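A.B. asks: Sharing target39.cif here; it has mmCIF, N, CA and C atoms.
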data_data
#
loop_
_atom_site.label_atom_id
_atom_site.label_comp_id
_atom_site.auth_asym_id
_atom_site.auth_seq_id
_atom_site.Cartn_x
_atom_site.Cartn_y
_atom_site.Cartn_z
N MET M 5 26.34 3.74 9.66
CA MET M 5 25.20 4.61 9.48
C MET M 5 24.23 4.05 8.44
N PHE M 6 24.76 3.54 7.32
CA PHE M 6 23.88 3.02 6.27
C PHE M 6 23.16 1.76 6.72
N ILE M 7 23.81 0.97 7.55
CA ILE M 7 23.16 -0.24 8.07
C ILE M 7 21.97 0.15 8.94
N ARG M 8 22.15 1.17 9.77
CA ARG M 8 21.05 1.63 10.63
C ARG M 8 19.91 2.20 9.79
N LEU M 9 20.23 2.98 8.77
CA LEU M 9 19.19 3.54 7.90
C LEU M 9 18.44 2.45 7.15
N ALA M 10 19.17 1.44 6.69
CA ALA M 10 18.53 0.33 5.98
C ALA M 10 17.58 -0.42 6.90
N GLU M 11 17.97 -0.64 8.14
CA GLU M 11 17.10 -1.32 9.09
C GLU M 11 15.88 -0.47 9.43
N GLU M 12 16.05 0.83 9.57
CA GLU M 12 14.91 1.71 9.81
C GLU M 12 13.94 1.68 8.64
N HIS M 13 14.46 1.64 7.43
CA HIS M 13 13.60 1.57 6.25
C HIS M 13 12.83 0.25 6.23
N ARG M 14 13.51 -0.86 6.53
CA ARG M 14 12.83 -2.16 6.56
C ARG M 14 11.72 -2.16 7.62
N GLN M 15 11.99 -1.57 8.77
CA GLN M 15 10.98 -1.51 9.83
C GLN M 15 9.79 -0.64 9.40
N PHE M 16 10.08 0.47 8.72
CA PHE M 16 9.01 1.33 8.20
C PHE M 16 8.12 0.57 7.23
N VAL M 17 8.73 -0.20 6.32
CA VAL M 17 7.96 -0.97 5.34
C VAL M 17 7.13 -2.03 6.06
N ARG M 18 7.70 -2.72 7.04
CA ARG M 18 6.94 -3.73 7.79
C ARG M 18 5.74 -3.09 8.50
N ASP M 19 5.96 -1.94 9.14
CA ASP M 19 4.87 -1.25 9.82
C ASP M 19 3.78 -0.82 8.84
N LEU M 20 4.20 -0.32 7.69
CA LEU M 20 3.23 0.10 6.68
C LEU M 20 2.42 -1.08 6.16
N VAL M 21 3.06 -2.22 5.93
CA VAL M 21 2.35 -3.41 5.47
C VAL M 21 1.33 -3.86 6.52
N MET M 22 1.74 -3.87 7.79
CA MET M 22 0.79 -4.26 8.85
C MET M 22 -0.38 -3.29 8.92
N ASN M 23 -0.13 -2.00 8.77
CA ASN M 23 -1.22 -1.02 8.79
C ASN M 23 -2.15 -1.18 7.60
N LEU M 24 -1.61 -1.49 6.44
CA LEU M 24 -2.46 -1.72 5.26
C LEU M 24 -3.31 -2.96 5.44
N GLN M 25 -2.76 -4.00 6.06
CA GLN M 25 -3.56 -5.20 6.33
C GLN M 25 -4.70 -4.87 7.28
N ALA M 26 -4.42 -4.12 8.33
CA ALA M 26 -5.46 -3.74 9.28
C ALA M 26 -6.51 -2.84 8.62
N LEU M 27 -6.07 -1.92 7.78
CA LEU M 27 -6.99 -1.03 7.08
C LEU M 27 -7.93 -1.82 6.17
N ALA M 28 -7.39 -2.83 5.50
CA ALA M 28 -8.24 -3.67 4.62
C ALA M 28 -9.32 -4.37 5.44
N ILE M 29 -8.97 -4.86 6.59
CA ILE M 29 -9.96 -5.54 7.45
C ILE M 29 -11.04 -4.57 7.90
N VAL M 30 -10.63 -3.40 8.35
CA VAL M 30 -11.60 -2.39 8.82
C VAL M 30 -12.51 -1.96 7.67
N LEU M 31 -11.95 -1.72 6.50
CA LEU M 31 -12.78 -1.30 5.36
C LEU M 31 -13.75 -2.40 4.93
N GLU M 32 -13.30 -3.66 4.95
CA GLU M 32 -14.21 -4.77 4.64
C GLU M 32 -15.36 -4.83 5.64
N ASN M 33 -15.06 -4.60 6.91
CA ASN M 33 -16.11 -4.60 7.94
C ASN M 33 -17.08 -3.44 7.75
N GLN M 34 -16.65 -2.37 7.09
CA GLN M 34 -17.52 -1.23 6.81
C GLN M 34 -18.28 -1.41 5.49
N GLY M 35 -18.06 -2.53 4.79
CA GLY M 35 -18.81 -2.81 3.57
C GLY M 35 -18.09 -2.49 2.27
N TYR M 36 -16.84 -2.08 2.32
CA TYR M 36 -16.07 -1.80 1.11
C TYR M 36 -15.38 -3.06 0.63
N LEU M 37 -15.13 -3.14 -0.65
CA LEU M 37 -14.33 -4.23 -1.21
C LEU M 37 -12.86 -3.83 -1.06
N ALA M 38 -12.15 -4.54 -0.20
CA ALA M 38 -10.76 -4.19 0.07
C ALA M 38 -9.95 -5.47 0.21
N SER M 39 -8.67 -5.38 -0.16
CA SER M 39 -7.79 -6.53 -0.01
C SER M 39 -6.36 -6.05 0.22
N CYS M 40 -5.59 -6.88 0.88
CA CYS M 40 -4.17 -6.60 1.08
C CYS M 40 -3.44 -7.93 0.99
N TYR M 41 -2.61 -8.07 -0.01
CA TYR M 41 -1.83 -9.29 -0.22
C TYR M 41 -0.37 -9.00 0.08
N THR M 42 0.27 -9.94 0.76
CA THR M 42 1.69 -9.81 1.03
C THR M 42 2.43 -10.97 0.38
N CYS M 43 3.70 -10.77 0.15
CA CYS M 43 4.55 -11.80 -0.44
C CYS M 43 5.45 -12.37 0.65
N GLY M 44 5.26 -13.62 0.99
CA GLY M 44 6.09 -14.24 2.01
C GLY M 44 5.74 -13.79 3.41
N GLY M 45 6.50 -14.28 4.37
CA GLY M 45 6.22 -13.96 5.75
C GLY M 45 7.07 -12.84 6.31
N GLN M 46 7.92 -12.24 5.49
CA GLN M 46 8.82 -11.21 5.99
C GLN M 46 8.20 -9.83 6.03
N MET M 47 7.01 -9.67 5.50
CA MET M 47 6.28 -8.40 5.52
C MET M 47 7.08 -7.27 4.85
N ASN M 48 7.77 -7.58 3.74
CA ASN M 48 8.56 -6.55 3.08
C ASN M 48 7.93 -6.05 1.79
N SER M 49 6.71 -6.51 1.49
CA SER M 49 5.99 -5.98 0.33
C SER M 49 4.51 -6.30 0.47
N ALA M 50 3.68 -5.47 -0.18
CA ALA M 50 2.24 -5.68 -0.12
C ALA M 50 1.57 -4.98 -1.30
N SER M 51 0.40 -5.50 -1.63
CA SER M 51 -0.47 -4.88 -2.62
C SER M 51 -1.82 -4.66 -1.94
N PHE M 52 -2.20 -3.41 -1.78
CA PHE M 52 -3.45 -3.04 -1.12
C PHE M 52 -4.36 -2.39 -2.14
N MET M 53 -5.62 -2.81 -2.17
CA MET M 53 -6.59 -2.21 -3.08
C MET M 53 -7.91 -2.05 -2.35
N VAL M 54 -8.60 -0.94 -2.64
CA VAL M 54 -9.94 -0.74 -2.10
C VAL M 54 -10.80 -0.08 -3.18
N SER M 55 -12.02 -0.59 -3.31
CA SER M 55 -12.99 -0.01 -4.23
C SER M 55 -13.91 0.89 -3.42
N LEU M 56 -13.96 2.16 -3.81
CA LEU M 56 -14.80 3.13 -3.10
C LEU M 56 -16.14 3.33 -3.78
N GLY M 57 -16.47 2.47 -4.73
CA GLY M 57 -17.73 2.57 -5.45
C GLY M 57 -17.61 3.47 -6.66
N ASP M 58 -18.63 3.47 -7.50
CA ASP M 58 -18.67 4.30 -8.71
C ASP M 58 -17.39 4.18 -9.53
N ASN M 59 -16.87 2.94 -9.66
CA ASN M 59 -15.65 2.68 -10.43
C ASN M 59 -14.44 3.47 -9.91
N HIS M 60 -14.39 3.70 -8.62
CA HIS M 60 -13.28 4.44 -7.99
C HIS M 60 -12.42 3.44 -7.21
N LEU M 61 -11.15 3.34 -7.58
CA LEU M 61 -10.24 2.37 -6.99
C LEU M 61 -8.98 3.05 -6.50
N ILE M 62 -8.54 2.66 -5.31
CA ILE M 62 -7.27 3.16 -4.77
C ILE M 62 -6.37 1.97 -4.58
N ARG M 63 -5.09 2.11 -4.99
CA ARG M 63 -4.14 1.01 -4.89
C ARG M 63 -2.82 1.52 -4.30
N PHE M 64 -2.29 0.75 -3.34
CA PHE M 64 -0.96 0.99 -2.80
C PHE M 64 -0.12 -0.23 -3.12
N LEU M 65 1.05 -0.02 -3.64
CA LEU M 65 2.03 -1.08 -3.81
C LEU M 65 3.23 -0.69 -2.96
N VAL M 66 3.60 -1.55 -2.05
CA VAL M 66 4.68 -1.29 -1.12
C VAL M 66 5.73 -2.37 -1.28
N SER M 67 6.99 -1.97 -1.37
CA SER M 67 8.09 -2.93 -1.42
C SER M 67 9.35 -2.28 -0.90
N ASP M 68 10.42 -3.05 -0.86
CA ASP M 68 11.72 -2.51 -0.46
C ASP M 68 12.18 -1.42 -1.42
N TYR M 69 11.68 -1.44 -2.63
CA TYR M 69 12.14 -0.51 -3.66
C TYR M 69 11.40 0.82 -3.65
N GLY M 70 10.22 0.85 -3.03
CA GLY M 70 9.47 2.09 -2.99
C GLY M 70 7.99 1.85 -2.76
N ILE M 71 7.26 2.95 -2.80
CA ILE M 71 5.82 2.93 -2.56
C ILE M 71 5.14 3.65 -3.72
N THR M 72 4.08 3.04 -4.21
CA THR M 72 3.30 3.65 -5.29
C THR M 72 1.85 3.75 -4.84
N TRP M 73 1.27 4.92 -4.99
CA TRP M 73 -0.14 5.14 -4.69
C TRP M 73 -0.81 5.56 -5.99
N THR M 74 -1.90 4.87 -6.34
CA THR M 74 -2.62 5.17 -7.56
C THR M 74 -4.10 5.36 -7.25
N ASP M 75 -4.67 6.43 -7.76
CA ASP M 75 -6.09 6.73 -7.64
C ASP M 75 -6.69 6.60 -9.04
N MET M 76 -7.66 5.69 -9.19
CA MET M 76 -8.23 5.41 -10.52
C MET M 76 -9.75 5.54 -10.49
N ARG M 77 -10.29 6.02 -11.60
CA ARG M 77 -11.74 6.04 -11.83
C ARG M 77 -11.99 5.59 -13.26
N VAL M 78 -12.96 4.69 -13.39
CA VAL M 78 -13.35 4.15 -14.70
C VAL M 78 -12.09 3.69 -15.47
N ASP M 79 -11.24 2.93 -14.78
CA ASP M 79 -10.02 2.35 -15.36
C ASP M 79 -9.03 3.37 -15.90
N ARG M 80 -9.09 4.60 -15.41
CA ARG M 80 -8.12 5.63 -15.81
C ARG M 80 -7.42 6.16 -14.56
N GLU M 81 -6.14 6.32 -14.67
CA GLU M 81 -5.39 6.86 -13.55
C GLU M 81 -5.64 8.36 -13.42
N LEU M 82 -6.14 8.76 -12.26
CA LEU M 82 -6.32 10.19 -12.00
C LEU M 82 -5.05 10.78 -11.40
N MET M 83 -4.40 9.98 -10.55
CA MET M 83 -3.20 10.44 -9.90
C MET M 83 -2.33 9.24 -9.56
N LYS M 84 -1.05 9.40 -9.71
CA LYS M 84 -0.11 8.34 -9.36
C LYS M 84 1.10 8.99 -8.72
N LEU M 85 1.40 8.53 -7.50
CA LEU M 85 2.56 9.04 -6.77
C LEU M 85 3.52 7.89 -6.52
N LYS M 86 4.79 8.13 -6.78
CA LYS M 86 5.81 7.10 -6.55
C LYS M 86 6.88 7.68 -5.65
N GLY M 87 7.39 6.85 -4.78
CA GLY M 87 8.48 7.27 -3.91
C GLY M 87 9.42 6.14 -3.67
N ALA M 88 10.64 6.46 -3.38
CA ALA M 88 11.64 5.43 -3.10
C ALA M 88 12.14 5.59 -1.69
#
What would the structure in this file look like if it were written as structure tokens?
C.D. replies:
Amino acid sequence: MFIRLAEEHRQFVRDLVMNLQALAIVLENQGYLASCYTCGGQMNSASFMVSLGDNHLIRFLVSDYGITWTDMRVDRELMKLKGA
């Protein structure tokens, strides 16, 4: 059972990384400053950032260990959510 759950989690992370990469491309095409960096070819972690203007930044960090979403304005964290 744990092996199956671990594989489902890995697949979820891979899907999320691919979606963040696609989102970065779409946002760049719409004129936003966006990026998505991955580590290695296994698609098991990513750093996604987008600037929404007026010093407003959204960041997702995705890895095997968890997901962190941070909403920042003027270099201050407005909200930070972490999950494992």
A.B. asks: Step one, run DSSP on the backbone; step two, keep only residues of chain M assigned to strand (DSSP E or B); then write them as a PyMOL selection string.
C.D. replies: chain M and resi 37-42+50-57+60-67+70-77+80-87
A.B. asks: Ranking M:Phe6, M:Phe52, M:Tyr36, M:Tyr41 by minimum distance to Thr74 (chain M) and counting only C-alpha atoms, which one comes first?
C.D. replies: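 Among M:Phe6, M:Phe52, M:Tyr36, M:Tyr41, it is M:Phe52 that comes nearest to Thr74 (chain M).
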A.B. asks: Quick one: everything within 8 Å of region 13-15 of chain M, counting only N, CA and C atoms, minus sequence neighbours fewer than 4 positions away in the same chain. Send it as a PyMOL selection string.
C.D. replies: chain M and resi 7-9+19-21+47-48+68
A.B. asks: Which is closest to Ala28 (chain M) among M:Val54, M:Phe16, M:Arg77, M:Met5, if we use all atoms listed in the file?
C.D. replies: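 Of the candidates, the smallest distance to Ala28 (chain M) is held by M:Val54.
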A.B. asks: Distance atom C of Arg18 (chain M)-atom C of Glu81 (chain M), one decimal place?
C.D. replies: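 Straight-line distance from atom C of Arg18 (chain M) to atom C of Glu81 (chain M) works out to 27.2 Å.
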A.B. asks: Can you work out the spacing between atom C of Val66 (chain M) and CA of Ser39 (chain M) in Å, to one decimal?
C.D. replies: 14.2 Å
A.B. asks: Point out the residue among M:Ser67, M:Gln25, M:Asn33, M:Thr72 with the least atom-to-atom distance to Ser49 (chain M), counting only N, CA and C atoms.
C.D. replies: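 Of M:Ser67, M:Gln25, M:Asn33, M:Thr72, the one nearest Ser49 (chain M) is M:Ser67, counting only N, CA and C atoms.
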A.B. asks: Which of these, M:Ala50, M:Gly45, M:Glu11, M:Leu56, has the shortest distance to Glu32 (chain M) once you count only C-alpha atoms?
C.D. replies: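 Checking each of M:Ala50, M:Gly45, M:Glu11, M:Leu56 against Glu32 (chain M), counting only C-alpha atoms, the winner is M:Leu56.
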A.B. asks: Please evaluate the PyMOL selection byres ((chain M and resi 85) around 7) against the displayed coordinates and give the resulting residues as a ChimeraX atom specification.
C.D. replies: /M:71-75,83-84,86-87
A.B. asks: Quick one: distance from atom N of Ala38 (chain M) to atom N of Val17 (chain M) in Å, one decimal?
C.D. replies: 22.3 Å
A.B. asks: Which residues match the PyMOL selection byres ((chain M and resi 61) around 8) in the file above, as a ChimeraX atom specification?
C.D. replies: /M:53-60,62-64,74-79
A.B. asks: Please, could you write that set of residues out with N, CA and C atoms as a tab-separated table (two decimals), in the coordinates of the input?
C.D. replies:
chain	number	residue	atom	x	y	z
M	53	MET	N	-5.62	-2.81	-2.17
M	53	MET	CA	-6.59	-2.21	-3.08
M	53	MET	C	-7.91	-2.05	-2.35
M	54	VAL	N	-8.60	-0.94	-2.64
M	54	VAL	CA	-9.94	-0.74	-2.10
M	54	VAL	C	-10.80	-0.08	-3.18
M	55	SER	N	-12.02	-0.59	-3.31
M	55	SER	CA	-12.99	-0.01	-4.23
M	55	SER	C	-13.91	0.89	-3.42
M	56	LEU	N	-13.96	2.16	-3.81
M	56	LEU	CA	-14.80	3.13	-3.10
M	56	LEU	C	-16.14	3.33	-3.78
M	57	GLY	N	-16.47	2.47	-4.73
M	57	GLY	CA	-17.73	2.57	-5.45
M	57	GLY	C	-17.61	3.47	-6.66
M	58	ASP	N	-18.63	3.47	-7.50
M	58	ASP	CA	-18.67	4.30	-8.71
M	58	ASP	C	-17.39	4.18	-9.53
M	59	ASN	N	-16.87	2.94	-9.66
M	59	ASN	CA	-15.65	2.68	-10.43
M	59	ASN	C	-14.44	3.47	-9.91
M	60	HIS	N	-14.39	3.70	-8.62
M	60	HIS	CA	-13.28	4.44	-7.99
M	60	HIS	C	-12.42	3.44	-7.21
M	62	ILE	N	-8.54	2.66	-5.31
M	62	ILE	CA	-7.27	3.16	-4.77
M	62	ILE	C	-6.37	1.97	-4.58
M	63	ARG	N	-5.09	2.11	-4.99
M	63	ARG	CA	-4.14	1.01	-4.89
M	63	ARG	C	-2.82	1.52	-4.30
M	64	PHE	N	-2.29	0.75	-3.34
M	64	PHE	CA	-0.96	0.99	-2.80
M	64	PHE	C	-0.12	-0.23	-3.12
M	74	THR	N	-1.90	4.87	-6.34
M	74	THR	CA	-2.62	5.17	-7.56
M	74	THR	C	-4.10	5.36	-7.25
M	75	ASP	N	-4.67	6.43	-7.76
M	75	ASP	CA	-6.09	6.73	-7.64
M	75	ASP	C	-6.69	6.60	-9.04
M	76	MET	N	-7.66	5.69	-9.19
M	76	MET	CA	-8.23	5.41	-10.52
M	76	MET	C	-9.75	5.54	-10.49
M	77	ARG	N	-10.29	6.02	-11.60
M	77	ARG	CA	-11.74	6.04	-11.83
M	77	ARG	C	-11.99	5.59	-13.26
M	78	VAL	N	-12.96	4.69	-13.39
M	78	VAL	CA	-13.35	4.15	-14.70
M	78	VAL	C	-12.09	3.69	-15.47
M	79	ASP	N	-11.24	2.93	-14.78
M	79	ASP	CA	-10.02	2.35	-15.36
M	79	ASP	C	-9.03	3.37	-15.90
A.B. asks: Which of these, M:Arg80, M:Leu37, M:Gln46, M:Tyr69, has the shortest distance to Met22 (chain M) once you count only C-alpha atoms?
C.D. replies: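 Going through M:Arg80, M:Leu37, M:Gln46, M:Tyr69 one by one, the smallest distance to Met22 (chain M) is for M:Gln46.
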A.B. asks: Where does DSSP see helix (DSSP H, G or I) in region 6-81 of chain M, if you list the residues as a VMD selection string?
C.D. replies: chain M and resid 6 to 33
